[in-house]
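A.B. asks: Sending over a structure as structure tokens; questions will come in a sec.
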Amino acid sequence: MESNRFPGLLPRSPSARCGTVIHRIIEAAAKKKINEEDDFEEYWNRCIMIEEKEMADSWIERHLVPLKKSTPKYELKKYQCLLAIRSMFNKTRSHAAYDIINKISREIWLETQNKVVGGLVDAIISTKTGDIIVDYKTGSITKLIGNHEAVQEIYKIQLQLYAAIYNSAFGIWPVSLQIAGIDGISYEIDFNQKECINLLNEAYHIATEINYVVADETNLGEMNDLLSSPSPETCRYCLYRPACQSYLERREISPPAEWPKDIIGTLYEKKILGNGLILIRVVANNNNLDMITIRGLHPGRHPALNFESDKIAIFSMVSDNSPNNFKEGILTTIYIRR
């Protein structure tokens, strides 16, 4: 659905929206579209307005406008972005990541010689010893693993796959893989050529399987079953969960605590509280037929609650004080089901 540019069925997080703005500004500064530090405030506001206009046109995101209020650490993100481009304007080299940012001229499309696998790389930096592949991240790069922080595995895989694609395209290997953060810190990603090639071969295999299913003219339902591979990790940030039957079915046979806080079931009770907010109780479509309580729902945000339907689905809830009790979060979205 995303590849067909179909709008998301769940809202993008405000932090992701802000990350898009930061990425756009860094790229504009690298291309000299922002010539002075004084331009930053105007360009920042213009980019924020573009995001907010798109959000305001969507019933699932308009409540997140303005981003200044809905984005955690908004002012800090803005200031870090300013520091990054200030470094570019002043030609400073106080942080390795800023040195990388200074050299970014454009995003570069890399693809294998057979054009089966490709990706958009933020930068390829030429040095005397060889090329450095750089990917720029505006969010959290590391994750606590045991007692120490480590670069998230998904980012390591992404950079290692870029290295294999680069090798396929040019017949040589990059000398370094790096991730640069908005906080001015860069991370070197170790890579093994054999492991990178194995990742690329796996990508070839997946592409072949997908093409076979699509070419076989399988009906849409069967195609979804064949192509999907639901898991808590892959589904947690997916904006199309409401339409994915494979996800809805798979989560019922795995431990529920691992999955996104979504519930599909039958509306048992709807109550308007004294503060004007809504509390609902839903009988879950699971083996236990659990009674789930969700409170603090804003009626203006959830048009589904105005329909006479007892089949309901609530996505991205927030845990409340006790089991089977939840409350509305900024990303909570409700749909009726047939």
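By order of appearance in the structure tokens: chains A, B, ..., then residues from 1 within every chain, and ligands from 1 in the order shown.
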Find the nearest atom pair between each residue of range 163-212 of chain A and range 136-153 of chain A for residues within 8 Å, count only C-alpha atoms, give distances in Å to one decimal, sort rows by chain and ascending number, and present the table as CSV.
C.D. replies:
residue,atom,partner,partner_atom,distance
A:Ile179,CA,A:Tyr136,CA,5.7
A:Ala180,CA,A:Tyr136,CA,4.8
A:Gly181,CA,A:Lys137,CA,5.2
A:Ile182,CA,A:Thr138,CA,5.4
A:Tyr187,CA,A:Val151,CA,7.8
A.B. asks: Which residues are near Glu51 in chain A? Cut-off 7 Å, only C-alpha atoms, ignore same chain within fewer than 4 positions. Put them as a list in words.
C.D. replies: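 Listed by chain and then number, they are Arg17, Cys47 and Met55 of chain A.
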A.B. asks: How close does each residue of range 15-64 of chain A get to range 314-338 of chain A, giving the shortest atom pair and distance in Å to one decimal for every residue with an atom at most 10 Å away, counting only C-alpha atoms, sorted by chain and residue number, as a tab-separated table?
C.D. replies:
residue	atom	partner	partner_atom	distance
A:Trp59	CA	A:Thr333	CA	9.9
A:Ile60	CA	A:Thr333	CA	6.9
A:Glu61	CA	A:Leu331	CA	8.2
A:His63	CA	A:Ile330	CA	8.2
A:Leu64	CA	A:Ile330	CA	7.3
A.B. asks: From the options A:Ile210, A:Ile22, A:Ala16, A:Met49, which residue's atoms come nearest to Val65 in chain A, counting only C-alpha atoms?
C.D. replies: A:Met49
A.B. asks: Figure out the distance between CA of Ile48 in chain A and CA of Lys31 in chain A, please, to one decimal in Å.
C.D. replies: 19.3 Å
A.B. asks: Taking only C-alpha atoms into account, name the residue in A:Asp57, A:Gly274, A:Tyr162, A:Gly171 that is nearest to Ala203 in chain A.
C.D. replies: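 Once distances to Ala203 in chain A are computed over only C-alpha atoms, the minimum belongs to A:Tyr162.
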A.B. asks: Which residue gives the smallest distance to Glu75 in chain A among A:Leu177, A:Ile165, A:Ile189, A:Cys18, with only C-alpha atoms counted?
C.D. replies: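 The shortest atom-to-atom distance to Glu75 in chain A comes from A:Cys18.
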A.B. asks: Looking only at the backbone, which of the residues in range 126-210 of chain A does DSSP tag as helix (DSSP H, G or I), as an MDAnalysis selection string?
C.D. replies: chainID A and resid 153:170 193:210
A.B. asks: If we count only C-alpha atoms, what is near Asp131 in chain A at a cut-off of 8 Å, once residues fewer than 5 positions away on the same chain are taken out, given as a VMD selection string?
C.D. replies: chain A and resid 124 to 126 174 to 176
A.B. asks: Select from range 187-309 of chain A everything DSSP, run on the backbone, classes as strand (DSSP E or B), then give the selection as a list in words.
C.D. replies: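 Taking range 187-309 of chain A and keeping strand (DSSP E or B) only, one gets Tyr187, Glu188, Ile263, Ile264, Gly265, Thr266, Leu267, Tyr268, Glu269, Lys270, Lys271, Ile272, Ile278, Leu279, Ile280, Arg281, Val282, Val283, Ala284, Met291, Ile292, Thr293, Ile294, Arg295, Gly296 and Leu297 of chain A.
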A.B. asks: CA of Ile34 in chain A to CA of Glu52 in chain A: how many Å, to one decimal?
C.D. replies: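 Separation between CA of Ile34 in chain A and CA of Glu52 in chain A: 21.3 Å.
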A.B. asks: Using only C-alpha atoms, which protein or nucleic acid residues come within 10 Å of Lys78 in chain A? Drop anything in the same chain fewer than 5 positions from it, and give the result as a ChimeraX atom specification.
C.D. replies: /A:18-19,21-22,40-41,44,68,73,83-84,182
A.B. asks: Hey, can you spit out that residue selection with N, CA and C atoms as an mmCIF file, in the first residue's frame?
C.D. replies:
data_model
loop_
_atom_site.group_PDB
_atom_site.id
_atom_site.type_symbol
_atom_site.label_atom_id
_atom_site.label_comp_id
_atom_site.auth_asym_id
_atom_site.auth_seq_id
_atom_site.Cartn_x
_atom_site.Cartn_y
_atom_site.Cartn_z
ATOM 1 N N CYS A 18 8.604 15.676 12.341
ATOM 2 C CA CYS A 18 9.670 16.628 12.642
ATOM 3 C C CYS A 18 10.985 16.143 12.038
ATOM 4 N N GLY A 19 11.199 14.832 12.046
ATOM 5 C CA GLY A 19 12.392 14.273 11.432
ATOM 6 C C GLY A 19 12.458 14.550 9.945
ATOM 7 N N VAL A 21 11.210 17.166 8.492
ATOM 8 C CA VAL A 21 11.577 18.585 8.378
ATOM 9 C C VAL A 21 13.086 18.756 8.547
ATOM 10 N N ILE A 22 13.651 18.110 9.558
ATOM 11 C CA ILE A 22 15.089 18.230 9.819
ATOM 12 C C ILE A 22 15.897 17.713 8.632
ATOM 13 N N PHE A 40 17.481 30.192 8.621
ATOM 14 C CA PHE A 40 17.034 28.955 9.262
ATOM 15 C C PHE A 40 15.601 29.062 9.775
ATOM 16 N N GLU A 41 15.306 30.118 10.528
ATOM 17 C CA GLU A 41 13.986 30.245 11.148
ATOM 18 C C GLU A 41 12.892 30.262 10.088
ATOM 19 N N TRP A 44 12.713 26.751 8.462
ATOM 20 C CA TRP A 44 12.123 25.802 9.418
ATOM 21 C C TRP A 44 10.603 25.962 9.451
ATOM 22 N N LYS A 68 4.553 21.840 17.207
ATOM 23 C CA LYS A 68 5.295 22.388 18.340
ATOM 24 C C LYS A 68 4.769 21.841 19.657
ATOM 25 N N LYS A 73 10.131 17.089 22.878
ATOM 26 C CA LYS A 73 11.426 17.769 22.761
ATOM 27 C C LYS A 73 11.538 18.542 21.442
ATOM 28 N N LEU A 83 22.190 23.763 15.135
ATOM 29 C CA LEU A 83 23.611 23.529 15.381
ATOM 30 C C LEU A 83 24.262 22.823 14.192
ATOM 31 N N ALA A 84 23.520 21.870 13.612
ATOM 32 C CA ALA A 84 24.064 21.123 12.476
ATOM 33 C C ALA A 84 24.339 22.042 11.293
ATOM 34 N N ILE A 182 21.611 13.670 14.408
ATOM 35 C CA ILE A 182 21.382 15.109 14.539
ATOM 36 C C ILE A 182 22.083 15.663 15.776
#
A.B. asks: Between CA of Asn211 in chain A and CA of Asn198 in chain A, what is the distance, to one decimal in Å?
C.D. replies: 20.0 Å
A.B. asks: Which residue gives the smallest distance to Arg236 in chain A among A:Pro260, A:Pro7, A:Leu279, A:Val116, with only C-alpha atoms counted?
C.D. replies: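 Among the listed residues, the smallest separation from Arg236 in chain A belongs to A:Pro260.
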A.B. asks: Measuring between only C-alpha atoms, which one of A:Ile185, A:Gly296, A:Ile253, A:Ala164 shows the shortest distance to Asn201 in chain A?
C.D. replies: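 Using only C-alpha atoms, Asn201 in chain A sits closest to A:Ala164.
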